[in-house]
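Below you'll find the structure, written out as structure tokens, and then a few comments.
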Amino acid sequence: EEEGKREMIVLYPSPGMGHLVPMVELGKLFLLHGLDVTIIILDPPYNTGSTASFIAGASVANPAISFHRFSPIALIPPASSSPHTEAHAFDLLRLSNPSLVSFLRSAAPRALVVDMLCCFALDVAAELGLPCYLFFTSAAAALATFLYLPTLHAAAEKSFRELGRAPVLVPGNPPIPADHMPLPMLDRDDDAYKGFLYISTRYPDTHGIIINTFDALEPRALETIAAGHCIAHGRATPPLYPVGPLITSDVGREKIGRADCFTWLDAQPRDSVVFLCFGSLGLFTAVQLKEIASGLERSGQRFLWVVRGPPSDDPAKRLERPPEPDVDALLPEGFLERTRGRGLVVKSWAPQAEVLRHGAVGGFVTHLGWNSVLEAIVAGVPMLGWPLYAGQRMNKVFLVEEMKLAAAVDGYEGEVVPSEEIESKVRWLMESEGGQELRERTAAMKGRAAEALREGGTSHVALLKVVSKWKCMAIE
Ligand code: UDP
């Protein structure tokens with residue numbers, strides 16, 4: 001190879017904000033460390049949050065990164081009857097392998113980095129003799145669970161759903177009630193479950209696992225994985241590289257509501273506002289929206305609330321993006337007038353990471369998606385968890401039982417969380433001694449996160465390790 005040639009790394013994220021956001025950040029770090037970066041973009045025919053506008057913003061903000069778009073694949077008729085988006089994502093990823101082969105042949109990168117759902121690409125990498133790394137965009141505790149899934153599967157005959165509250169025991173983790181396992185994994189006959197079982201069986205085939213967490217946040221899970229305790233059948237655990245927290249720095253990517261919400265936040269006292277935002281896909285029923293509104297109103301707290309319309313009753317429309325909400329019709333009569341000045345409702349989307357960093361924000365009601373968790377920690381904002389979809393119930397167990405960095409609303413497994421519960425937990429978060437303790441613990445972890453990322457910190461060193469593997473010309 002010629003001297004001075006920059007090695008190129010291809011990053012392959014699965015569709016969905018939670019996967020794309022950290023992958024773009026990882027790409028930026030590789031670039032800073034002298035690697036060339038191409039990010040593959042899939043064009044899914046279903047709602048993945050606001051990925052289209054995010055990608056548009058990210059490509060303008062990062063001209064040195066190439067974005068390579070695969071031609072769209074129509075999943076019509078749907079290959080799977082599963083109600084879970086993840087099952088459709090697995091189909092899309094499987095069907096994208098031919099595009100991946102031809103792209104990688106012509107691009108000839110030094111390595112391929114795939115997202116946690118993209119393990120179908122491992123066959124392609126093997127065929128081309130390309131080292132393939134996993135980028136795990138969730139908690140180390142979740143990685144431990146996935147690595148252990150084949151063992152759990154072999155040991156049980158029932159679906160997690162049928163096991164109810166029975167504890168699922170994963171080395172290095174607190175017990176997880178079976179019905180708190182990721183929602184698409186609750187039924188073992190579902191295609192989504194089968195997809196997860198397949199990908200987790202393939203994790204040990206990767207050359208290394210880069211993970212968006214840091215040593216001080218999840219010491220027990222990281223040590224247990226590294227010691228090989230989560231993998232059965234004598235397979236070796238790939239080297240682990242905890243490089244986090246990687247959170248988005250592409251500020252102001254969404255113009256809608258931006259000016260409004262920051263002008264308003266600027267006028268609020270320090271740590272006084274509770275911010276409610278539920279990931280890229282979180283939706284509530286009309287009944288639940290009204291309960292949240294009256295809970296907030298009665299709590300007396302200042303709030304900034306991102307409101308979306310309820311999910312469609314039509315199953316055919318469930319995978320589509322909901323239309324802009326009609327907040328006057330959705331929220332209780334007079335709510336917006338009565339809370340004017342004290343509260344602000346933003347429609348559909350807010351620049352969450354930037355809002356969390358604003359000094360006026362003092363509490364965060366969140367679905368506990370992993371990126372949201374990291375953004376809250378980096379901003380030092382205490383969390384009140386309200387898990388909704390994907391792996392968020394499991395994250396709730398990790399955040400509450402293990403990391404002790406969140407409280408949770410009661411009743412999220414049921415139909416509706418009543419306004420009284422919302423009122424009392426929001427008051428607890430913003431006004432009580434317990435809430436203040438949580439704020440202090442979160443602030444301390446914010447400090448540990450900054451240490452990890454600093455020159456010589458654990459995450460910085462882990463990043464240098466993986467980058468130097470690619471930059472030196474030794475054959476692995
Ligand atoms: N996000 C945002 N504004 C919103 C909702 C979400 O900026 O109104 C961002 C959020 O900051 C995070 C990502 O979208 O970076 C969501 O990722 P997460 O892992 O928290 O949840 P997911 O959407 O994957 O469930």
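Just so we're on the same page: first chain in the structure tokens is A, next is B, and so on; residues restart at 1 for each chain, and ligands are numbered from 1 in the order they show up.
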Report task. Just the alpha helix (DSSP H) stuff from segment 276-398 of chain A, please, per backbone DSSP, written as a ChimeraX atom specification. Result -> /A:286-299,327-330,335-338,352-357,370-379,392-397
Report task. Using only C-alpha atoms and all ligand atoms, find each protein or nucleic acid residue lying at most 6 Å from ligand 1; present the set as JSON, numbers by chain. Result -> {"A": [17, 18, 21, 277, 279, 280, 281, 349, 350, 351, 352, 353, 369, 370, 371, 372]}
Write the residues of the preceding selection, restricted to N, CA and C atoms, as a PDB file, in the first residue's frame.
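Writing done, so here's again-v7.pdb:
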ATOM      1  N   MET A  17     -33.571   5.837  14.046  1.00  0.00           N
ATOM      2  CA  MET A  17     -32.789   6.920  14.633  1.00  0.00           C
ATOM      3  C   MET A  17     -31.767   6.415  15.638  1.00  0.00           C
ATOM      4  N   GLY A  18     -32.208   5.520  16.510  1.00  0.00           N
ATOM      5  CA  GLY A  18     -31.351   5.047  17.582  1.00  0.00           C
ATOM      6  C   GLY A  18     -30.092   4.360  17.071  1.00  0.00           C
ATOM      7  N   VAL A  21     -27.945   7.631  14.659  1.00  0.00           N
ATOM      8  CA  VAL A  21     -27.342   8.745  15.394  1.00  0.00           C
ATOM      9  C   VAL A  21     -25.943   8.370  15.905  1.00  0.00           C
ATOM     10  N   CYS A 277     -40.148  13.599  26.393  1.00  0.00           N
ATOM     11  CA  CYS A 277     -39.889  13.274  24.990  1.00  0.00           C
ATOM     12  C   CYS A 277     -39.647  11.768  24.918  1.00  0.00           C
ATOM     13  N   GLY A 279     -38.525   9.319  22.426  1.00  0.00           N
ATOM     14  CA  GLY A 279     -37.838   8.616  21.349  1.00  0.00           C
ATOM     15  C   GLY A 279     -38.374   8.985  19.986  1.00  0.00           C
ATOM     16  N   SER A 280     -37.846   8.324  18.967  1.00  0.00           N
ATOM     17  CA  SER A 280     -38.247   8.682  17.616  1.00  0.00           C
ATOM     18  C   SER A 280     -39.580   8.041  17.243  1.00  0.00           C
ATOM     19  N   LEU A 281     -40.025   7.052  18.029  1.00  0.00           N
ATOM     20  CA  LEU A 281     -41.230   6.319  17.623  1.00  0.00           C
ATOM     21  C   LEU A 281     -42.310   6.245  18.704  1.00  0.00           C
ATOM     22  N   TRP A 349     -41.586  16.735  17.373  1.00  0.00           N
ATOM     23  CA  TRP A 349     -40.136  16.557  17.427  1.00  0.00           C
ATOM     24  C   TRP A 349     -39.471  17.763  18.055  1.00  0.00           C
ATOM     25  N   ALA A 350     -38.482  17.547  18.906  1.00  0.00           N
ATOM     26  CA  ALA A 350     -37.653  18.636  19.434  1.00  0.00           C
ATOM     27  C   ALA A 350     -36.200  18.204  19.312  1.00  0.00           C
ATOM     28  N   PRO A 351     -35.276  19.141  19.199  1.00  0.00           N
ATOM     29  CA  PRO A 351     -33.853  18.765  19.161  1.00  0.00           C
ATOM     30  C   PRO A 351     -33.401  18.333  20.550  1.00  0.00           C
ATOM     31  N   GLN A 352     -33.678  17.068  20.868  1.00  0.00           N
ATOM     32  CA  GLN A 352     -33.599  16.580  22.243  1.00  0.00           C
ATOM     33  C   GLN A 352     -32.245  16.787  22.922  1.00  0.00           C
ATOM     34  N   ALA A 353     -31.170  16.398  22.227  1.00  0.00           N
ATOM     35  CA  ALA A 353     -29.854  16.461  22.880  1.00  0.00           C
ATOM     36  C   ALA A 353     -29.547  17.904  23.283  1.00  0.00           C
ATOM     37  N   GLY A 369     -34.805   4.887  25.703  1.00  0.00           N
ATOM     38  CA  GLY A 369     -33.980   4.435  24.580  1.00  0.00           C
ATOM     39  C   GLY A 369     -32.535   4.768  24.929  1.00  0.00           C
ATOM     40  N   TRP A 370     -31.600   3.942  24.480  1.00  0.00           N
ATOM     41  CA  TRP A 370     -30.232   4.078  24.977  1.00  0.00           C
ATOM     42  C   TRP A 370     -29.597   5.419  24.620  1.00  0.00           C
ATOM     43  N   ASN A 371     -29.892   5.946  23.424  1.00  0.00           N
ATOM     44  CA  ASN A 371     -29.321   7.251  23.076  1.00  0.00           C
ATOM     45  C   ASN A 371     -29.866   8.336  23.989  1.00  0.00           C
ATOM     46  N   SER A 372     -31.154   8.249  24.303  1.00  0.00           N
ATOM     47  CA  SER A 372     -31.750   9.225  25.203  1.00  0.00           C
ATOM     48  C   SER A 372     -31.082   9.153  26.576  1.00  0.00           C
TER      49      SER A 372
END
Would you tabulate, counting only C-alpha atoms, all residues of segment 78-144 of chain A that have an atom at most 12 Å from an atom of segment 157-170 of chain A, showing the closest pair of atoms and their distance in Å to one decimal, sorted by chain then ascending number, as a Markdown table?
| residue | atom | partner | partner_atom | distance |
| --- | --- | --- | --- | --- |
| A:Ala140 | CA | A:Val170 | CA | 11.9 |
| A:Ala141 | CA | A:Val170 | CA | 8.9 |
| A:Ala142 | CA | A:Val170 | CA | 9.8 |
| A:Leu143 | CA | A:Val170 | CA | 10.4 |
| A:Ala144 | CA | A:Val170 | CA | 7.0 |
Report task. Might you pull out every residue within 12 Å of Lys425 of chain A, with only C-alpha atoms counted and same-chain residues fewer than 5 positions away left off, and present them as a PyMOL selection string? Result -> chain A and resi 274+292+295-296+298-299+301+363-365+383-386+406-411+417-420+430-432+434-435
Written selection (C-alpha atoms) as a PDB file, in the first residue's frame:
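Resulting contents of again20.pdb:
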ATOM      1  CA  VAL A 274     -39.280  18.897  33.207  1.00  0.00           C
ATOM      2  CA  ILE A 292     -50.331  13.175  30.961  1.00  0.00           C
ATOM      3  CA  GLY A 295     -50.857  15.146  35.591  1.00  0.00           C
ATOM      4  CA  LEU A 296     -48.520  17.874  34.375  1.00  0.00           C
ATOM      5  CA  ARG A 298     -51.646  19.449  38.609  1.00  0.00           C
ATOM      6  CA  SER A 299     -47.928  18.926  39.301  1.00  0.00           C
ATOM      7  CA  GLN A 301     -44.109  22.188  37.431  1.00  0.00           C
ATOM      8  CA  GLY A 363     -35.697  16.557  34.733  1.00  0.00           C
ATOM      9  CA  PHE A 364     -36.399  14.233  31.819  1.00  0.00           C
ATOM     10  CA  VAL A 365     -39.372  11.919  31.367  1.00  0.00           C
ATOM     11  CA  MET A 383     -34.444  10.547  34.384  1.00  0.00           C
ATOM     12  CA  LEU A 384     -37.954   9.335  35.056  1.00  0.00           C
ATOM     13  CA  GLY A 385     -38.415   6.253  32.876  1.00  0.00           C
ATOM     14  CA  TRP A 386     -41.550   5.353  30.977  1.00  0.00           C
ATOM     15  CA  ALA A 406     -33.453   6.553  36.980  1.00  0.00           C
ATOM     16  CA  ALA A 407     -36.784   6.192  38.699  1.00  0.00           C
ATOM     17  CA  ALA A 408     -39.799   4.947  36.743  1.00  0.00           C
ATOM     18  CA  VAL A 409     -43.516   5.629  36.556  1.00  0.00           C
ATOM     19  CA  ASP A 410     -45.654   2.773  37.864  1.00  0.00           C
ATOM     20  CA  GLY A 411     -48.148   1.139  35.537  1.00  0.00           C
ATOM     21  CA  VAL A 417     -50.759   5.405  33.500  1.00  0.00           C
ATOM     22  CA  PRO A 418     -53.184   7.574  35.507  1.00  0.00           C
ATOM     23  CA  SER A 419     -52.669  11.336  35.878  1.00  0.00           C
ATOM     24  CA  GLU A 420     -52.176  10.971  39.672  1.00  0.00           C
ATOM     25  CA  MET A 430     -38.451  17.976  40.511  1.00  0.00           C
ATOM     26  CA  GLU A 431     -39.142  18.767  44.174  1.00  0.00           C
ATOM     27  CA  SER A 432     -38.194  15.931  46.506  1.00  0.00           C
ATOM     28  CA  GLY A 434     -34.998  11.729  46.376  1.00  0.00           C
ATOM     29  CA  GLY A 435     -35.187  13.605  43.098  1.00  0.00           C
TER      30      GLY A 435
END
Requested in this report: Tell me which protein, DNA and RNA residues are within 12 Å of Ala329 of chain A, counting only C-alpha atoms, leaving out same-chain ones fewer than 2 positions away, and put them as a PyMOL selection string.
Outcome: chain A and resi 286-287+289-290+309-310+325-327+331-336
If you keep C-alpha atoms, can you produce a file of those selected residues as an mmCIF file, in the first residue's frame?
data_model
loop_
_atom_site.group_PDB
_atom_site.id
_atom_site.type_symbol
_atom_site.label_atom_id
_atom_site.label_comp_id
_atom_site.auth_asym_id
_atom_site.auth_seq_id
_atom_site.Cartn_x
_atom_site.Cartn_y
_atom_site.Cartn_z
ATOM 1 C CA ALA A 286 -55.630 9.937 23.054
ATOM 2 C CA VAL A 287 -56.694 8.810 26.538
ATOM 3 C CA LEU A 289 -52.264 12.047 26.306
ATOM 4 C CA LYS A 290 -55.076 13.578 28.371
ATOM 5 C CA GLY A 309 -50.722 12.162 17.526
ATOM 6 C CA PRO A 310 -52.002 8.743 18.657
ATOM 7 C CA PRO A 325 -51.005 16.271 15.925
ATOM 8 C CA ASP A 326 -53.977 18.558 16.389
ATOM 9 C CA VAL A 327 -53.013 19.496 19.941
ATOM 10 C CA LEU A 331 -55.331 17.795 24.944
ATOM 11 C CA PRO A 332 -57.960 18.584 27.614
ATOM 12 C CA GLU A 333 -60.070 21.657 26.930
ATOM 13 C CA GLY A 334 -58.382 24.832 28.098
ATOM 14 C CA PHE A 335 -55.132 23.026 28.992
ATOM 15 C CA LEU A 336 -52.948 25.109 26.678
#
Query raised in the report: Out of A:Val273, A:Ala444, A:Val416, A:Val426, which residue has the shortest atom-to-atom distance to Leu356 of chain A when counting only C-alpha atoms?
Result: A:Val273
**Report entry** Residue neighbourhood segment 195-204 of chain A, 10 Å, only C-alpha atoms, exclusion window fewer than 3 positions, as a ChimeraX atom specification
**Finding:** /A:86-91,116-120,122-123,133-134,136,143,145-151,153,184-185,188,190-192,207-209,231,235-239
Got time to write the residues from that selection, N, CA and C atoms, as a CSV table (one decimal), in the first residue's frame?
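Written file, again14.csv:
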chain,number,residue,atom,x,y,z
A,86,GLU,N,-39.0,-4.7,13.8
A,86,GLU,CA,-37.7,-5.3,13.7
A,86,GLU,C,-37.7,-6.5,12.7
A,87,ALA,N,-38.9,-7.2,12.7
A,87,ALA,CA,-39.0,-8.3,11.7
A,87,ALA,C,-38.8,-7.8,10.3
A,88,HIS,N,-39.4,-6.7,10.0
A,88,HIS,CA,-39.3,-6.1,8.7
A,88,HIS,C,-37.9,-5.6,8.4
A,89,ALA,N,-37.3,-5.0,9.5
A,89,ALA,CA,-35.9,-4.6,9.3
A,89,ALA,C,-35.0,-5.8,9.0
A,90,PHE,N,-35.2,-6.9,9.6
A,90,PHE,CA,-34.4,-8.1,9.3
A,90,PHE,C,-34.6,-8.5,7.9
A,91,ASP,N,-35.9,-8.5,7.4
A,91,ASP,CA,-36.1,-8.8,6.0
A,91,ASP,C,-35.3,-7.9,5.0
A,116,MET,N,-26.0,-3.5,15.4
A,116,MET,CA,-26.4,-4.7,16.1
A,116,MET,C,-27.4,-5.6,15.4
A,117,LEU,N,-28.2,-5.0,14.5
A,117,LEU,CA,-29.2,-5.8,13.8
A,117,LEU,C,-28.7,-6.4,12.4
A,118,CYS,N,-27.5,-5.9,12.0
A,118,CYS,CA,-27.0,-6.2,10.6
A,118,CYS,C,-26.2,-7.4,10.4
A,119,CYS,N,-26.3,-8.4,11.3
A,119,CYS,CA,-25.4,-9.5,11.2
A,119,CYS,C,-25.5,-10.4,10.0
A,120,PHE,N,-26.5,-10.2,9.2
A,120,PHE,CA,-26.6,-11.0,7.9
A,120,PHE,C,-25.4,-10.6,7.0
A,122,LEU,N,-22.4,-10.5,7.9
A,122,LEU,CA,-21.2,-11.3,8.2
A,122,LEU,C,-20.9,-12.3,7.1
A,123,ASP,N,-21.9,-12.8,6.5
A,123,ASP,CA,-21.6,-13.8,5.4
A,123,ASP,C,-21.0,-13.1,4.2
A,133,TYR,N,-16.7,-5.9,12.2
A,133,TYR,CA,-16.8,-5.5,13.6
A,133,TYR,C,-18.3,-5.1,13.8
A,134,LEU,N,-18.7,-5.4,15.1
A,134,LEU,CA,-20.1,-5.0,15.5
A,134,LEU,C,-20.0,-3.7,16.2
A,136,PHE,N,-22.4,-2.0,18.8
A,136,PHE,CA,-23.5,-2.2,19.6
A,136,PHE,C,-24.0,-0.9,20.1
A,143,LEU,N,-26.1,-6.0,25.7
A,143,LEU,CA,-25.2,-6.9,24.9
A,143,LEU,C,-25.0,-8.2,25.6
A,145,THR,N,-27.1,-9.7,27.5
A,145,THR,CA,-28.4,-10.4,27.3
A,145,THR,C,-28.4,-11.1,25.9
A,146,PHE,N,-28.1,-10.3,24.9
A,146,PHE,CA,-28.1,-10.9,23.6
A,146,PHE,C,-27.1,-12.0,23.4
A,147,LEU,N,-25.9,-11.8,23.9
A,147,LEU,CA,-24.9,-12.8,23.8
A,147,LEU,C,-25.4,-14.1,24.5
A,148,TYR,N,-26.2,-13.9,25.6
A,148,TYR,CA,-26.6,-15.1,26.3
A,148,TYR,C,-27.9,-15.7,25.8
A,149,LEU,N,-28.6,-15.0,24.8
A,149,LEU,CA,-29.9,-15.4,24.3
A,149,LEU,C,-29.9,-16.9,23.8
A,150,PRO,N,-28.9,-17.3,23.0
A,150,PRO,CA,-28.9,-18.7,22.6
A,150,PRO,C,-28.9,-19.7,23.7
A,151,THR,N,-28.2,-19.4,24.8
A,151,THR,CA,-28.2,-20.2,26.0
A,151,THR,C,-29.6,-20.2,26.6
A,153,HIS,N,-32.4,-19.5,25.2
A,153,HIS,CA,-33.3,-20.2,24.3
A,153,HIS,C,-33.3,-21.7,24.4
A,184,PRO,N,-40.1,-7.2,20.9
A,184,PRO,CA,-40.2,-8.1,19.8
A,184,PRO,C,-39.6,-9.5,20.0
A,185,MET,N,-39.1,-9.7,21.3
A,185,MET,CA,-38.5,-11.0,21.6
A,185,MET,C,-39.4,-11.8,22.5
A,188,ARG,N,-41.5,-16.6,21.0
A,188,ARG,CA,-40.5,-17.3,20.3
A,188,ARG,C,-40.9,-17.8,18.9
A,190,ASP,N,-42.4,-15.8,16.8
A,190,ASP,CA,-42.4,-14.6,15.9
A,190,ASP,C,-41.1,-14.4,15.1
A,191,ASP,N,-41.3,-13.9,13.9
A,191,ASP,CA,-40.1,-13.7,13.1
A,191,ASP,C,-39.1,-12.8,13.7
A,192,ALA,N,-39.6,-11.8,14.4
A,192,ALA,CA,-38.6,-10.8,15.1
A,192,ALA,C,-37.8,-11.6,16.1
A,207,HIS,N,-15.0,-9.6,14.6
A,207,HIS,CA,-13.6,-9.4,15.0
A,207,HIS,C,-13.5,-8.6,16.2
A,208,GLY,N,-14.6,-7.9,16.6
A,208,GLY,CA,-14.5,-7.1,17.8
A,208,GLY,C,-15.9,-6.4,17.9
A,209,ILE,N,-16.2,-6.0,19.2
A,209,ILE,CA,-17.4,-5.4,19.5
A,209,ILE,C,-17.2,-4.0,20.0
A,231,ILE,N,-21.1,-16.1,26.9
A,231,ILE,CA,-21.1,-17.0,25.7
A,231,ILE,C,-20.9,-18.4,26.1
A,235,ARG,N,-17.3,-20.9,22.7
A,235,ARG,CA,-16.9,-19.9,21.7
A,235,ARG,C,-16.2,-18.7,22.4
A,236,ALA,N,-15.3,-18.1,21.7
A,236,ALA,CA,-14.5,-17.0,22.3
A,236,ALA,C,-15.3,-15.7,22.2
A,237,THR,N,-15.2,-14.9,23.2
A,237,THR,CA,-15.8,-13.5,23.1
A,237,THR,C,-14.9,-12.6,22.3
A,238,PRO,N,-15.4,-11.9,21.3
A,238,PRO,CA,-14.5,-11.0,20.6
A,238,PRO,C,-14.1,-9.8,21.5
A,239,PRO,N,-12.9,-9.2,21.2
A,239,PRO,CA,-12.5,-8.1,22.0
A,239,PRO,C,-13.6,-7.0,22.1
Neighbour list for segment 71-85 of chain A as a PDB file with C-alpha atoms, in the first residue's frame, cut-off 10 Å, only C-alpha atoms, skip fewer than 6 positions in-chain:
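File selection_27.pdb, as written:
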ATOM      1  CA  GLY A  16     -33.916   3.759  12.844  1.00  0.00           C
ATOM      2  CA  ILE A  41     -28.044   4.230   3.975  1.00  0.00           C
ATOM      3  CA  LEU A  42     -31.007   1.912   3.513  1.00  0.00           C
ATOM      4  CA  ASP A  43     -34.317   3.184   2.295  1.00  0.00           C
ATOM      5  CA  PRO A  44     -36.972   1.354   4.309  1.00  0.00           C
ATOM      6  CA  PRO A  45     -40.594   1.498   3.171  1.00  0.00           C
ATOM      7  CA  TYR A  46     -41.836   2.042   6.740  1.00  0.00           C
ATOM      8  CA  ASN A  47     -41.549   4.723   9.422  1.00  0.00           C
ATOM      9  CA  THR A  48     -38.176   4.807  11.143  1.00  0.00           C
ATOM     10  CA  ASP A  91     -36.097  -8.821   5.970  1.00  0.00           C
ATOM     11  CA  LEU A  92     -34.829  -5.578   4.532  1.00  0.00           C
ATOM     12  CA  LEU A  93     -31.300  -6.311   5.749  1.00  0.00           C
ATOM     13  CA  LEU A  95     -32.574  -8.611   1.008  1.00  0.00           C
ATOM     14  CA  SER A  96     -29.861  -5.934   0.965  1.00  0.00           C
ATOM     15  CA  SER A  99     -26.304  -4.653  -2.907  1.00  0.00           C
ATOM     16  CA  LEU A 183     -40.970  -6.558  23.179  1.00  0.00           C
ATOM     17  CA  PRO A 184     -40.154  -8.070  19.768  1.00  0.00           C
ATOM     18  CA  MET A 185     -38.538 -11.008  21.592  1.00  0.00           C
ATOM     19  CA  ASP A 189     -42.564 -18.144  17.200  1.00  0.00           C
ATOM     20  CA  ASP A 190     -42.441 -14.568  15.927  1.00  0.00           C
ATOM     21  CA  ASP A 191     -40.075 -13.714  13.055  1.00  0.00           C
ATOM     22  CA  ALA A 192     -38.647 -10.848  15.089  1.00  0.00           C
ATOM     23  CA  TYR A 193     -37.632 -13.264  17.858  1.00  0.00           C
ATOM     24  CA  PRO A 315     -53.154  -1.874  11.193  1.00  0.00           C
ATOM     25  CA  ARG A 318     -49.182   1.282  11.823  1.00  0.00           C
ATOM     26  CA  LEU A 319     -45.776   1.371  10.149  1.00  0.00           C
ATOM     27  CA  TYR A 389     -41.245  -0.274  22.916  1.00  0.00           C
ATOM     28  CA  ALA A 390     -38.168  -2.253  21.757  1.00  0.00           C
TER      29      ALA A 390
END
Requested in this report: Assign secondary structure with DSSP using the backbone only, and return the residues of segment 206-280 of chain A in strand (DSSP E) as a VMD selection string.
Outcome: chain A and resid 209 to 211 240 to 242 273 to 277
With N, CA and C atoms retained, export the selected residues as a PDB file, in the first residue's frame.
ATOM      1  N   ILE A 209     -16.168  -6.014  19.182  1.00  0.00           N
ATOM      2  CA  ILE A 209     -17.448  -5.367  19.457  1.00  0.00           C
ATOM      3  C   ILE A 209     -17.188  -3.975  20.030  1.00  0.00           C
ATOM      4  N   ILE A 210     -17.537  -2.969  19.223  1.00  0.00           N
ATOM      5  CA  ILE A 210     -17.445  -1.579  19.664  1.00  0.00           C
ATOM      6  C   ILE A 210     -18.781  -1.286  20.331  1.00  0.00           C
ATOM      7  N   ILE A 211     -18.772  -0.633  21.479  1.00  0.00           N
ATOM      8  CA  ILE A 211     -20.047  -0.452  22.178  1.00  0.00           C
ATOM      9  C   ILE A 211     -20.158   0.956  22.745  1.00  0.00           C
ATOM     10  N   LEU A 240     -13.692  -6.342  23.277  1.00  0.00           N
ATOM     11  CA  LEU A 240     -14.718  -5.315  23.510  1.00  0.00           C
ATOM     12  C   LEU A 240     -14.073  -3.939  23.500  1.00  0.00           C
ATOM     13  N   TYR A 241     -14.714  -2.991  22.847  1.00  0.00           N
ATOM     14  CA  TYR A 241     -14.207  -1.619  22.810  1.00  0.00           C
ATOM     15  C   TYR A 241     -15.296  -0.642  23.268  1.00  0.00           C
ATOM     16  N   PRO A 242     -15.379  -0.360  24.558  1.00  0.00           N
ATOM     17  CA  PRO A 242     -16.396   0.622  25.014  1.00  0.00           C
ATOM     18  C   PRO A 242     -15.894   2.042  24.731  1.00  0.00           C
ATOM     19  N   VAL A 273     -37.332  23.046  34.620  1.00  0.00           N
ATOM     20  CA  VAL A 273     -38.257  22.529  33.608  1.00  0.00           C
ATOM     21  C   VAL A 273     -38.142  21.003  33.495  1.00  0.00           C
ATOM     22  N   VAL A 274     -39.295  20.332  33.495  1.00  0.00           N
ATOM     23  CA  VAL A 274     -39.280  18.897  33.207  1.00  0.00           C
ATOM     24  C   VAL A 274     -39.566  18.729  31.710  1.00  0.00           C
ATOM     25  N   PHE A 275     -38.708  17.949  31.058  1.00  0.00           N
ATOM     26  CA  PHE A 275     -38.775  17.768  29.605  1.00  0.00           C
ATOM     27  C   PHE A 275     -39.330  16.374  29.339  1.00  0.00           C
ATOM     28  N   LEU A 276     -40.382  16.280  28.516  1.00  0.00           N
ATOM     29  CA  LEU A 276     -40.982  14.982  28.205  1.00  0.00           C
ATOM     30  C   LEU A 276     -40.832  14.703  26.712  1.00  0.00           C
ATOM     31  N   CYS A 277     -40.148  13.599  26.393  1.00  0.00           N
ATOM     32  CA  CYS A 277     -39.889  13.274  24.990  1.00  0.00           C
ATOM     33  C   CYS A 277     -39.647  11.768  24.918  1.00  0.00           C
TER      34      CYS A 277
END
**Report entry** Exercise: His68 of chain A partners within 7 Å, only C-alpha atoms, chain neighbours under 4 positions left out, as a PyMOL selection string
**Finding:** chain A and resi 38-41
Would you save the residues from that selection as an mmCIF file, in the first residue's frame, using N, CA and C atoms?
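Output saved as result.cif:
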data_model
loop_
_atom_site.group_PDB
_atom_site.id
_atom_site.type_symbol
_atom_site.label_atom_id
_atom_site.label_comp_id
_atom_site.auth_asym_id
_atom_site.auth_seq_id
_atom_site.Cartn_x
_atom_site.Cartn_y
_atom_site.Cartn_z
ATOM 1 N N THR A 38 -17.348 5.683 4.914
ATOM 2 C CA THR A 38 -18.569 5.663 4.110
ATOM 3 C C THR A 38 -19.673 5.047 4.953
ATOM 4 N N ILE A 39 -20.822 5.702 4.981
ATOM 5 C CA ILE A 39 -21.968 5.157 5.730
ATOM 6 C C ILE A 39 -23.027 4.704 4.730
ATOM 7 N N ILE A 40 -23.445 3.484 4.851
ATOM 8 C CA ILE A 40 -24.491 2.945 3.974
ATOM 9 C C ILE A 40 -25.857 3.368 4.504
ATOM 10 N N ILE A 41 -26.696 3.825 3.587
ATOM 11 C CA ILE A 41 -28.044 4.230 3.975
ATOM 12 C C ILE A 41 -29.055 3.322 3.283
#
Requested in this report: Tell me, in Å to one decimal, how far atom CA of Met181 of chain A is from atom CA of Gln392 of chain A.
Outcome: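 Atom CA of Gln392 of chain A lies at a distance of 8.6 Å from atom CA of Met181 of chain A.
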Report task. In Å, rounded to a single decimal, give me how far atom CA of Lys471 of chain A is from atom CA of Leu26 of chain A. Result -> 16.1 Å
Query raised in the report: Hey, which of A:Glu218, A:Ile65, A:Thr442, A:Ala58 ends up closest to Leu32 of chain A? Count only C-alpha atoms.
Result: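 Using only C-alpha atoms, the shortest distance to Leu32 of chain A belongs to A:Ile65.
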Query - Using only C-alpha atoms: which of A:Ile422, A:Ala139, A:Leu405, A:Leu104 has the shortest distance to Ala221 of chain A - result: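 Smallest distance to Ala221 of chain A is found for A:Ala139.
Counting only C-alpha atoms and comparing A:Gln268, A:Thr51, A:Gln288, A:Thr206, the residue that lies closest to Ala126 of chain A is A:Thr206.
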